[in-house]
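Shown next: entry.csv, containing CSV, C-alpha atoms.
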chain,number,residue,atom,x,y,z
A,1,MET,CA,-20.5,-3.7,11.8
A,2,ARG,CA,-20.0,-5.0,8.3
A,3,THR,CA,-17.8,-2.5,6.3
A,4,LEU,CA,-17.8,-2.4,2.5
A,5,LEU,CA,-15.2,-0.2,0.8
A,6,ILE,CA,-16.0,0.6,-2.8
A,7,THR,CA,-13.4,1.8,-5.2
A,8,GLY,CA,-12.3,1.5,-8.8
A,9,PRO,CA,-10.7,3.4,-11.7
A,10,GLY,CA,-11.8,7.0,-12.2
A,11,GLY,CA,-15.0,7.2,-14.2
A,12,SER,CA,-16.0,3.6,-13.5
A,13,GLY,CA,-19.2,4.5,-11.8
A,14,ARG,CA,-18.1,3.6,-8.3
A,15,THR,CA,-20.2,6.3,-6.6
A,16,THR,CA,-23.3,5.1,-8.5
A,17,VAL,CA,-22.6,1.5,-7.4
A,18,ALA,CA,-21.9,2.6,-3.8
A,19,ALA,CA,-25.2,4.5,-3.6
A,20,ALA,CA,-27.2,1.6,-5.3
A,21,THR,CA,-25.6,-1.0,-2.9
A,22,ALA,CA,-26.4,1.1,0.2
A,23,LEU,CA,-30.0,1.7,-1.0
A,24,ALA,CA,-30.5,-2.0,-1.7
A,25,ALA,CA,-29.2,-3.0,1.7
A,26,ALA,CA,-31.4,-0.5,3.4
A,27,ARG,CA,-34.5,-1.8,1.5
A,28,ALA,CA,-33.5,-5.3,2.6
A,29,GLY,CA,-33.9,-4.2,6.3
A,30,ALA,CA,-30.4,-3.2,7.3
A,31,ARG,CA,-29.5,0.0,9.0
A,32,VAL,CA,-27.0,1.5,6.5
A,33,LEU,CA,-24.5,4.4,6.7
A,34,LEU,CA,-23.3,5.7,3.4
A,35,LEU,CA,-20.0,7.7,3.7
A,36,GLY,CA,-18.9,9.9,0.8
A,37,THR,CA,-15.3,11.1,0.4
A,38,ASP,CA,-15.5,13.4,-2.5
A,39,ARG,CA,-15.2,17.2,-1.9
A,40,THR,CA,-18.3,17.8,-4.0
A,41,ASP,CA,-21.7,16.2,-3.5
A,42,THR,CA,-21.4,13.4,-6.1
A,43,LEU,CA,-23.5,11.1,-3.8
A,44,GLY,CA,-26.3,13.6,-3.7
A,45,ALA,CA,-26.4,13.9,-7.4
A,46,VAL,CA,-26.7,10.2,-7.8
A,47,LEU,CA,-29.2,9.7,-5.0
A,48,GLY,CA,-31.3,12.7,-6.1
A,49,THR,CA,-31.1,14.1,-2.5
A,50,PRO,CA,-28.4,16.5,-1.2
A,51,VAL,CA,-25.9,14.8,1.1
A,52,GLY,CA,-24.3,17.1,3.7
A,53,THR,CA,-21.4,16.9,6.1
A,54,ALA,CA,-23.8,16.0,8.9
A,55,PRO,CA,-25.5,12.6,8.9
A,56,GLY,CA,-29.0,12.8,7.4
A,57,GLU,CA,-31.6,10.2,6.4
A,58,VAL,CA,-31.9,10.0,2.6
A,59,ALA,CA,-34.2,7.0,2.5
A,60,GLU,CA,-35.8,4.7,5.0
A,61,GLY,CA,-32.9,2.9,6.8
A,62,LEU,CA,-30.3,4.8,4.9
A,63,THR,CA,-28.2,7.6,6.4
A,64,ALA,CA,-25.6,9.4,4.4
A,65,ARG,CA,-22.9,12.0,5.0
A,66,ARG,CA,-19.8,13.5,3.4
A,67,VAL,CA,-16.3,14.0,4.9
A,68,ASP,CA,-15.5,17.6,5.6
A,69,ALA,CA,-11.7,17.9,5.5
A,70,GLY,CA,-11.7,21.7,6.1
A,71,GLU,CA,-13.8,21.5,9.3
A,72,ASP,CA,-11.6,18.6,10.6
A,73,PHE,CA,-8.4,20.5,9.9
A,74,ARG,CA,-9.6,23.7,11.6
A,75,ALA,CA,-10.6,21.6,14.7
A,76,ASP,CA,-7.2,19.8,14.8
A,77,LEU,CA,-5.3,23.1,14.4
A,78,ALA,CA,-7.1,24.7,17.3
A,79,ALA,CA,-6.6,21.6,19.5
A,80,LEU,CA,-2.9,21.4,18.6
A,81,GLN,CA,-2.4,25.1,19.6
A,82,ASP,CA,-4.1,24.4,22.9
A,83,ARG,CA,-1.8,21.5,23.7
A,84,ALA,CA,1.3,23.4,22.6
A,85,ALA,CA,0.3,26.7,24.4
A,86,SER,CA,3.2,26.7,26.8
A,87,ALA,CA,5.8,26.1,24.0
A,88,LEU,CA,4.2,28.8,21.8
A,89,ASP,CA,4.3,31.3,24.7
A,90,LEU,CA,7.9,30.4,25.4
A,91,LEU,CA,8.8,31.1,21.8
A,92,GLY,CA,6.8,34.3,21.7
A,93,ALA,CA,4.7,32.9,18.8
A,94,SER,CA,1.2,34.2,18.2
A,95,ARG,CA,-1.6,31.8,17.6
A,96,LEU,CA,-3.0,31.2,14.2
A,97,ASP,CA,-6.6,31.7,13.3
A,98,PRO,CA,-8.0,28.3,12.1
A,99,GLU,CA,-10.7,30.1,10.1
A,100,ALA,CA,-8.1,31.7,8.0
A,101,PHE,CA,-6.7,28.4,6.7
A,102,GLY,CA,-7.8,25.7,4.3
A,103,PRO,CA,-6.8,22.1,4.8
A,104,LEU,CA,-3.1,21.4,4.2
A,105,PRO,CA,-1.9,18.5,1.9
A,106,GLY,CA,-2.7,15.2,3.6
A,107,ALA,CA,-5.5,16.6,5.8
A,108,GLU,CA,-8.2,15.2,3.5
A,109,GLU,CA,-6.8,11.7,3.7
A,110,LEU,CA,-6.5,11.9,7.5
A,111,SER,CA,-10.1,13.1,7.7
A,112,VAL,CA,-11.3,10.1,5.6
A,113,LEU,CA,-9.4,7.7,7.9
A,114,ARG,CA,-10.9,9.3,11.0
A,115,ALA,CA,-14.4,9.2,9.6
A,116,LEU,CA,-14.0,5.6,8.6
A,117,ARG,CA,-12.8,4.7,12.1
A,118,ASP,CA,-15.6,6.5,13.8
A,119,ALA,CA,-18.3,5.1,11.5
A,120,ALA,CA,-17.0,1.5,11.8
A,121,LEU,CA,-17.0,1.7,15.6
A,122,SER,CA,-20.5,3.1,15.9
A,123,PRO,CA,-23.2,0.7,17.0
A,124,ALA,CA,-26.0,2.7,15.3
A,125,HIS,CA,-25.7,0.8,11.9
A,126,ASP,CA,-25.4,-2.7,10.5
A,127,LEU,CA,-23.5,-1.8,7.4
A,128,LEU,CA,-21.1,0.9,6.5
A,129,VAL,CA,-20.7,1.6,2.7
A,130,VAL,CA,-17.8,3.9,1.9
A,131,ASP,CA,-17.5,5.6,-1.5
A,132,LEU,CA,-13.8,5.8,-1.7
A,133,PRO,CA,-11.7,7.9,-4.1
A,134,PRO,CA,-10.4,6.2,-7.3
A,135,ALA,CA,-8.4,3.1,-6.8
A,136,GLU,CA,-4.9,4.7,-7.0
A,137,ARG,CA,-5.7,7.2,-4.2
A,138,ALA,CA,-7.7,4.6,-2.2
A,139,LEU,CA,-4.7,2.3,-2.2
A,140,ALA,CA,-2.4,5.1,-0.9
A,141,LEU,CA,-5.1,5.7,1.7
A,142,PHE,CA,-5.0,2.1,2.9
A,143,ALA,CA,-1.2,2.3,3.3
A,144,LEU,CA,-1.2,5.5,5.3
A,145,PRO,CA,-2.0,4.2,8.8
A,146,GLU,CA,0.7,1.5,8.7
A,147,ASP,CA,3.3,3.9,7.2
A,148,LEU,CA,2.5,6.7,9.6
A,149,ARG,CA,2.7,4.4,12.7
A,150,ARG,CA,6.1,3.2,11.5
A,151,ALA,CA,7.3,6.8,11.1
A,152,LEU,CA,6.0,7.8,14.5
A,153,ARG,CA,7.8,4.9,16.2
A,154,GLY,CA,11.0,5.7,14.4
A,155,LEU,CA,10.9,9.3,15.4
A,156,LEU,CA,9.5,8.8,19.0
A,157,PRO,CA,10.1,5.1,19.9
A,158,PRO,CA,7.7,3.8,22.7
A,159,GLU,CA,10.6,3.1,25.0
A,160,ARG,CA,11.6,6.8,24.8
A,161,ARG,CA,8.0,7.8,25.6
A,162,ALA,CA,8.0,5.5,28.6
A,163,ALA,CA,11.1,7.3,30.0
A,164,ARG,CA,9.5,10.7,29.8
A,165,ALA,CA,9.8,11.2,33.6
A,166,LEU,CA,13.6,11.4,33.1
A,167,ARG,CA,13.5,14.0,30.4
A,168,PRO,CA,14.1,17.0,32.8
A,169,VAL,CA,17.1,15.3,34.3
A,170,LEU,CA,18.4,14.3,30.8
A,171,GLY,CA,17.9,17.8,29.6
A,172,ARG,CA,20.1,19.2,32.3
A,173,LEU,CA,22.8,16.6,31.8
A,174,ALA,CA,22.9,17.0,28.1
A,175,GLY,CA,22.5,20.8,28.1
A,176,VAL,CA,19.9,20.7,25.4
A,177,PRO,CA,16.1,20.9,25.8
A,178,MET,CA,14.3,17.5,25.5
A,179,PRO,CA,11.0,17.0,23.6
A,180,ALA,CA,8.0,18.4,25.5
A,181,GLU,CA,5.4,16.3,27.1
A,182,TRP,CA,2.7,17.4,24.6
A,183,LEU,CA,4.8,16.0,21.7
A,184,TYR,CA,5.0,12.5,23.3
A,185,GLY,CA,1.3,12.7,24.2
A,186,THR,CA,0.3,13.7,20.7
A,187,ALA,CA,2.4,10.8,19.2
A,188,ALA,CA,0.7,8.3,21.6
A,189,ARG,CA,-2.8,9.6,20.6
A,190,TRP,CA,-1.9,9.4,16.9
A,191,ASP,CA,-0.6,5.9,17.3
A,192,THR,CA,-3.8,4.8,19.1
A,193,ALA,CA,-6.0,6.4,16.5
A,194,LEU,CA,-4.1,5.0,13.5
A,195,GLY,CA,-4.1,1.6,15.2
A,196,ALA,CA,-7.9,1.7,15.3
A,197,VAL,CA,-8.0,2.4,11.6
A,198,GLU,CA,-5.7,-0.5,11.0
A,199,ALA,CA,-8.0,-2.7,13.1
A,200,VAL,CA,-11.0,-1.7,10.9
A,201,LEU,CA,-9.1,-2.5,7.7
A,202,ALA,CA,-7.8,-5.9,9.1
A,203,ASP,CA,-11.3,-6.9,10.4
A,204,ARG,CA,-12.8,-10.0,8.8
A,205,ARG,CA,-16.0,-8.0,8.3
A,206,THR,CA,-14.3,-5.4,6.1
A,207,THR,CA,-14.1,-6.2,2.4
A,208,VAL,CA,-13.3,-4.2,-0.8
A,209,ARG,CA,-15.7,-4.1,-3.7
A,210,LEU,CA,-14.0,-3.2,-7.0
A,211,VAL,CA,-16.0,-1.4,-9.8
A,212,ALA,CA,-14.7,-1.2,-13.3
A,213,GLU,CA,-16.0,-1.0,-16.9
A,214,PRO,CA,-14.9,-4.1,-18.9
A,215,GLY,CA,-12.4,-3.2,-21.6
A,216,PRO,CA,-8.7,-2.8,-22.0
A,217,ALA,CA,-8.4,0.2,-19.8
A,218,GLY,CA,-10.6,-1.4,-17.1
A,219,ALA,CA,-8.6,-4.7,-17.3
A,220,ALA,CA,-5.3,-2.9,-16.7
A,221,ALA,CA,-6.8,-0.9,-13.8
A,222,VAL,CA,-8.2,-3.9,-12.2
A,223,ARG,CA,-4.9,-5.8,-12.4
A,224,THR,CA,-3.1,-3.0,-10.7
A,225,ALA,CA,-5.8,-2.5,-8.1
A,226,GLY,CA,-6.0,-6.2,-7.3
A,227,LEU,CA,-2.2,-6.4,-6.9
A,228,GLY,CA,-2.2,-3.4,-4.5
A,229,LEU,CA,-5.1,-4.8,-2.4
A,230,ALA,CA,-3.4,-8.2,-2.2
A,231,LEU,CA,-0.1,-6.7,-1.0
A,232,ARG,CA,-2.1,-4.8,1.7
A,233,GLY,CA,-3.8,-8.1,2.7
A,234,LEU,CA,-7.3,-6.7,2.0
A,235,ARG,CA,-10.1,-9.0,0.7
A,236,THR,CA,-12.2,-8.4,-2.4
A,237,ASP,CA,-15.7,-9.7,-2.2
A,238,VAL,CA,-16.9,-9.2,-5.8
A,239,LEU,CA,-15.9,-7.3,-8.9
A,240,VAL,CA,-18.8,-5.2,-10.3
A,241,ALA,CA,-18.5,-4.9,-14.0
A,242,GLY,CA,-20.4,-1.7,-14.8
A,243,ARG,CA,-22.1,-0.4,-17.9
A,244,VAL,CA,-22.3,-3.9,-19.5
A,245,LEU,CA,-23.9,-3.7,-23.0
A,246,PRO,CA,-26.6,-6.1,-24.1
A,247,GLU,CA,-25.8,-9.2,-26.1
A,248,GLY,CA,-27.4,-10.0,-29.5
A,249,VAL,CA,-26.3,-6.9,-31.3
A,250,GLU,CA,-24.1,-8.5,-33.9
A,251,ASP,CA,-25.5,-6.5,-36.8
A,252,SER,CA,-25.1,-3.1,-35.1
A,253,TRP,CA,-22.1,-0.8,-34.4
A,254,LEU,CA,-22.2,-2.1,-30.8
A,255,ALA,CA,-20.9,-5.6,-31.9
A,256,GLY,CA,-17.2,-4.5,-31.4
A,257,PRO,CA,-17.6,-3.1,-27.9
A,258,VAL,CA,-19.8,-6.0,-26.9
A,259,ALA,CA,-17.2,-8.5,-28.0
A,260,GLN,CA,-14.5,-6.5,-26.2
A,261,GLN,CA,-16.5,-6.5,-23.0
A,262,ARG,CA,-17.2,-10.2,-23.3
A,263,LYS,CA,-13.5,-11.0,-23.6
A,264,THR,CA,-12.6,-8.9,-20.5
A,265,LEU,CA,-15.4,-10.5,-18.5
A,266,ASP,CA,-14.2,-14.0,-19.3
A,267,GLU,CA,-10.6,-13.0,-18.2
A,268,TRP,CA,-11.9,-11.4,-15.0
A,269,ARG,CA,-13.9,-14.5,-14.1
A,270,GLN,CA,-10.7,-16.5,-13.8
A,271,THR,CA,-9.7,-14.5,-10.8
A,272,TYR,CA,-12.8,-12.7,-9.4
A,273,ASP,CA,-16.5,-13.3,-8.6
A,274,VAL,CA,-17.7,-11.0,-11.4
A,275,ARG,CA,-21.2,-9.4,-11.2
A,276,PRO,CA,-22.2,-7.6,-14.4
A,277,VAL,CA,-24.4,-4.5,-14.1
A,278,ALA,CA,-26.3,-3.5,-17.2
A,279,HIS,CA,-25.9,-0.2,-19.0
A,280,LEU,CA,-29.2,1.7,-18.6
A,281,GLY,CA,-28.6,3.8,-21.6
A,282,ARG,CA,-28.4,6.9,-19.4
A,283,ASP,CA,-26.6,8.2,-16.3
A,284,PRO,CA,-28.5,6.7,-13.3
A,285,ARG,CA,-30.2,9.4,-11.2
A,286,GLY,CA,-32.5,8.8,-8.3
A,287,PRO,CA,-33.8,5.7,-6.4
A,288,ASP,CA,-35.6,4.2,-9.3
A,289,ASP,CA,-32.6,4.1,-11.6
A,290,LEU,CA,-30.4,2.8,-8.7
A,291,THR,CA,-32.9,0.0,-8.1
A,292,ALA,CA,-32.9,-0.8,-11.9
A,293,LEU,CA,-29.2,-1.4,-11.8
A,294,ALA,CA,-29.7,-4.6,-9.7
A,295,VAL,CA,-26.3,-4.4,-8.0
A,296,PRO,CA,-25.1,-7.4,-6.0
A,297,GLY,CA,-26.4,-7.5,-2.4
A,298,VAL,CA,-24.4,-7.5,0.8
A,299,PRO,CA,-25.2,-10.2,3.4
A,300,VAL,CA,-25.9,-8.3,6.7
A,301,ALA,CA,-27.6,-9.5,9.8
A,302,PRO,CA,-29.9,-6.5,10.7
A,303,GLY,CA,-29.6,-5.3,14.3
A,304,ALA,CA,-26.4,-7.3,14.9
A,305,SER,CA,-24.1,-4.3,15.3
A,306,ALA,CA,-25.7,-3.2,18.6
A,307,SER,CA,-24.4,-6.2,20.4
A,308,ALA,CA,-21.3,-7.0,18.3
A,309,ALA,CA,-17.9,-6.1,19.9
A,310,PRO,CA,-16.2,-3.4,17.9
A,311,PRO,CA,-12.6,-3.7,16.7
A,312,ALA,CA,-10.0,-2.8,19.3
A,313,SER,CA,-9.3,1.0,19.3
A,314,GLY,CA,-5.9,0.9,20.9
A,315,GLY,CA,-2.5,-0.8,20.6
A,316,ALA,CA,-1.1,-2.4,17.5
A,317,ALA,CA,-3.5,-3.9,15.1
A,318,GLY,CA,-0.8,-5.9,13.4
A,319,PRO,CA,-0.3,-6.3,9.7
A,320,ALA,CA,-3.1,-7.8,7.7
A,321,THR,CA,-1.1,-10.8,6.6
A,322,ALA,CA,-3.3,-13.6,7.9
A,323,GLY,CA,-3.6,-15.0,4.4
A,324,TRP,CA,0.2,-15.3,4.1
A,325,PRO,CA,0.9,-18.8,5.4
A,326,VAL,CA,4.3,-20.3,6.2
A,327,THR,CA,4.9,-23.9,5.1
A,328,ASP,CA,7.4,-26.2,6.7
A,329,ARG,CA,9.7,-27.9,4.2
A,330,LEU,CA,12.6,-28.4,6.6
A,331,ALA,CA,12.5,-32.2,6.4
A,332,ASP,CA,12.5,-32.3,2.5
A,333,ASP,CA,14.4,-29.1,1.4
A,334,GLY,CA,15.7,-27.6,4.7
A,335,VAL,CA,13.7,-24.4,4.2
A,336,LEU,CA,10.5,-22.6,5.4
A,337,VAL,CA,8.4,-21.0,2.6
A,338,TRP,CA,6.4,-17.9,3.1
A,339,HIS,CA,3.5,-17.6,0.6
A,340,ILE,CA,2.3,-14.1,-0.4
A,341,PRO,CA,-0.6,-14.1,-2.8
A,342,LEU,CA,0.0,-11.4,-5.5
A,343,PRO,CA,-2.6,-11.9,-8.3
A,344,GLY,CA,-1.5,-10.2,-11.5
A,345,ALA,CA,2.1,-9.7,-10.4
A,346,ARG,CA,4.9,-9.8,-12.9
A,347,ARG,CA,8.3,-11.2,-12.2
A,348,GLU,CA,10.1,-8.1,-13.5
A,349,GLU,CA,8.1,-5.8,-11.2
A,350,LEU,CA,9.0,-7.7,-8.0
A,351,ASP,CA,11.7,-6.8,-5.5
A,352,LEU,CA,12.5,-7.9,-1.9
A,353,VAL,CA,14.7,-6.2,0.7
A,354,ARG,CA,15.2,-7.4,4.2
A,355,HIS,CA,15.7,-4.9,7.0
A,356,GLY,CA,16.4,-6.8,10.2
A,357,ASP,CA,13.2,-8.5,11.3
A,358,GLN,CA,11.2,-6.8,8.5
A,359,ILE,CA,11.0,-7.3,4.8
A,360,ALA,CA,10.0,-4.8,2.2
A,361,VAL,CA,8.0,-6.2,-0.7
A,362,THR,CA,7.7,-4.2,-3.9
A,363,ALA,CA,5.1,-5.3,-6.4
A,364,GLY,CA,4.6,-3.0,-9.4
A,365,PRO,CA,4.0,0.5,-8.1
A,366,PHE,CA,3.3,-0.7,-4.6
A,367,ARG,CA,5.7,-1.2,-1.7
A,368,ARG,CA,5.0,-2.6,1.8
A,369,THR,CA,7.2,-3.3,4.7
A,370,VAL,CA,6.0,-6.0,7.1
A,371,PRO,CA,7.4,-7.8,10.1
A,372,LEU,CA,8.6,-11.3,9.6
A,373,PRO,CA,6.8,-14.1,11.4
A,374,SER,CA,8.7,-15.1,14.5
A,375,ALA,CA,10.1,-18.4,13.0
A,376,LEU,CA,11.4,-16.6,10.0
A,377,ARG,CA,13.3,-14.0,12.0
A,378,ARG,CA,15.9,-16.7,12.9
A,379,CYS,CA,16.4,-17.5,9.2
A,380,THR,CA,18.2,-16.1,6.2
A,381,VAL,CA,16.5,-15.5,2.9
A,382,ASP,CA,17.4,-18.3,0.5
A,383,GLY,CA,15.6,-17.1,-2.6
A,384,ALA,CA,12.2,-16.4,-4.0
A,385,ALA,CA,10.0,-17.3,-7.0
A,386,LEU,CA,6.7,-16.2,-8.5
A,387,ARG,CA,4.4,-19.2,-9.0
A,388,GLU,CA,0.7,-19.3,-9.8
A,389,ASP,CA,0.1,-15.7,-8.7
A,390,GLU,CA,1.9,-16.3,-5.5
A,391,LEU,CA,5.3,-15.0,-4.3
A,392,ARG,CA,7.1,-17.8,-2.5
A,393,ILE,CA,10.0,-16.7,-0.4
A,394,ARG,CA,12.4,-19.4,0.9
A,395,PHE,CA,14.0,-19.0,4.3
A,396,ARG,CA,16.9,-21.2,5.6
A,397,PRO,CA,17.4,-21.5,9.3
A,398,ASP,CA,20.5,-19.6,10.5
A,399,PRO,CA,22.6,-22.0,12.5
A,400,ARG,CA,23.7,-19.2,14.9
A,401,LEU,CA,20.1,-18.5,15.8
A,402,TRP,CA,18.1,-21.7,15.2
A,403,PRO,CA,17.6,-24.1,18.2
A,404,ARG,CA,19.9,-27.1,17.9
A,405,THR,CA,18.3,-30.5,17.9
A,406,PRO,CA,19.8,-33.0,20.4
Structure encoded using structure tokens:
Amino acid sequence: MRTLLITGPGGSGRTTVAAATALAAARAGARVLLLGTDRTDTLGAVLGTPVGTAPGEVAEGLTARRVDAGEDFRADLAALQDRAASALDLLGASRLDPEAFGPLPGAEELSVLRALRDAALSPAHDLLVVDLPPAERALALFALPEDLRRALRGLLPPERRAARALRPVLGRLAGVPMPAEWLYGTAARWDTALGAVEAVLADRRTTVRLVAEPGPAGAAAVRTAGLGLALRGLRTDVLVAGRVLPEGVEDSWLAGPVAQQRKTLDEWRQTYDVRPVAHLGRDPRGPDDLTALAVPGVPVAPGASASAAPPASGGAAGPATAGWPVTDRLADDGVLVWHIPLPGARREELDLVRHGDQIAVTAGPFRRTVPLPSALRRCTVDGAALREDELRIRFRPDPRLWPRTP
């Protein structure tokens, strides 16, 4: 399935663009699922039809639903207590009533990731359009699967899970209780589920569509969002410039805002495929207004998802760093160069820290730790430079680790 993730600064009209994009694709013949992530029914307000937590058809070929973090949290809490029943009985702890609790912090993000995974793996649709939270929260959401998997592996390494048959013996020898079977099983299930989300995000059919209103605030937000997406290795298909005012109003009070928008659009076109969407003079409501916006389409092959192989749902998906090539300059300069595209990055906002076979890259407010390509693990960092929106890290072969040439 083709997956289109739509985000942008708060108040940019991303929900409107998501609804209009999904409606246009459905009218073009694709089977579309529109997934909303807001707690309130903002999608329903734009579509003119209520959108519930269960999938429902809102137009021909268009199905929509909202994520229900509360329902997911209660189901997870009940399942967790079932798996840990023996431990709870041993401690004399009473069970909690899931209906008495609302979702804890973080539950909403995990519910969105689960819904994204399940929807992307479903063969029932050709296109998944996700109305994500504002860009700052969306970028944190994209980082969550990778960071959680790293934390799980640090707390419960796979090799310790593999030795779980020895835990009773080790417990007797050490004189302390070893982690219970359910804990290792839960960690393995989480690792598999998070790996499936990573696979969806890394899939070549997954792209991010940015939505912003041209102007100083929108320009700053797009620069930050573009930097975060590049660091995560996510591809942007187009930048939708919303609420664009009409030209030819030099004699009215709109002349200033129009000139400001024109300047921002020219700057964006140097980096992005920009698609302006006109201001309707009102808040779009209902199918007619959404059609009038004339949002950019999404190339989809109708019916293709039924026979297409879904992304792998288990194992490590691997970091989305396919667009980070390594060039061989050993013959000329004695180094290998790792190229990391970071559009909009500023030299004073960059930082690099190597941890064994991993390197932590900080760019502005974002930080990501990624494993080094195999060839670079046998090298030492020789320096780095920011050139043409690209961070170029130089690695010099370590004589103690590098194969010696006869």
Would you kindly return, as an NGL selection string, each protein, DNA or RNA residue with an atom no farther than 9 Å from any atom of A:Leu239, considering all atoms listed in the file and excluding same-chain residues fewer than 2 positions away?
-> :A and (209-212 or 236-237 or 241 or 268 or 272-276)
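Shortest atom-to-atom contact with A:Arg27 among A:Val295, A:Leu113, A:Leu62, A:Ala384: A:Leu62, counting all atoms listed in the file.
Using only C-alpha atoms, the nearest neighbour of A:Asp203 within the list A:Thr3, A:Val353, A:Glu267, A:Val249 is A:Thr3.
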Of the residues A:Thr362, A:Thr224, A:Thr321, A:Thr271, which is the one nearest to A:Gly8, using all atoms listed in the file?
-> A:Thr224
Find the spatial neighbours of A:Gly383, counting all atoms listed in the file, within a cut-off of 8 Å - ignore same-chain residues fewer than 3 positions away - and output them as a PDB file with C-alpha atoms, in the frame of the given file.
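The file below, part03.pdb, is the result:
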ATOM      1  CA  ILE A 393      10.000 -16.700  -0.400  1.00  0.00           C
ATOM      2  CA  ARG A 394      12.400 -19.400   0.900  1.00  0.00           C
ATOM      3  CA  PHE A 395      14.000 -19.000   4.300  1.00  0.00           C
TER       4      PHE A 395
END
If we count all atoms listed in the file, what is near A:Ala64 at a cut-off of 6 Å, once residues fewer than 6 positions away on the same chain are taken out, given as a list of chain:residue names?
-> A:Leu33, A:Leu34, A:Leu35, A:Pro55, A:Gly56
For the residues in that selection, give me C-alpha atoms as a CSV table (one decimal), keeping the file's coordinate frame.
chain,number,residue,atom,x,y,z
A,33,LEU,CA,-24.5,4.4,6.7
A,34,LEU,CA,-23.3,5.7,3.4
A,35,LEU,CA,-20.0,7.7,3.7
A,55,PRO,CA,-25.5,12.6,8.9
A,56,GLY,CA,-29.0,12.8,7.4
Tell me which of A:Ala151, A:Val277, A:Ala199, A:Val300 sits closest to A:Thr16, counting all atoms listed in the file.
-> A:Val277
Between atom CA of A:Val32 and atom CA of A:Ala322, what is the distance, to one decimal in Å?
->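 Going from atom CA of A:Val32 over to atom CA of A:Ala322, I get 28.1 Å.
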Work out how far apart atom CA of A:Arg262 and atom CA of A:Pro299 are and give it in Å to one decimal.
-> 27.9 Å
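In terms of minimum interatomic distance to A:Val112, A:Thr37 ranks closest within A:Thr380, A:Thr49, A:Thr186, A:Thr37, counting all atoms listed in the file.
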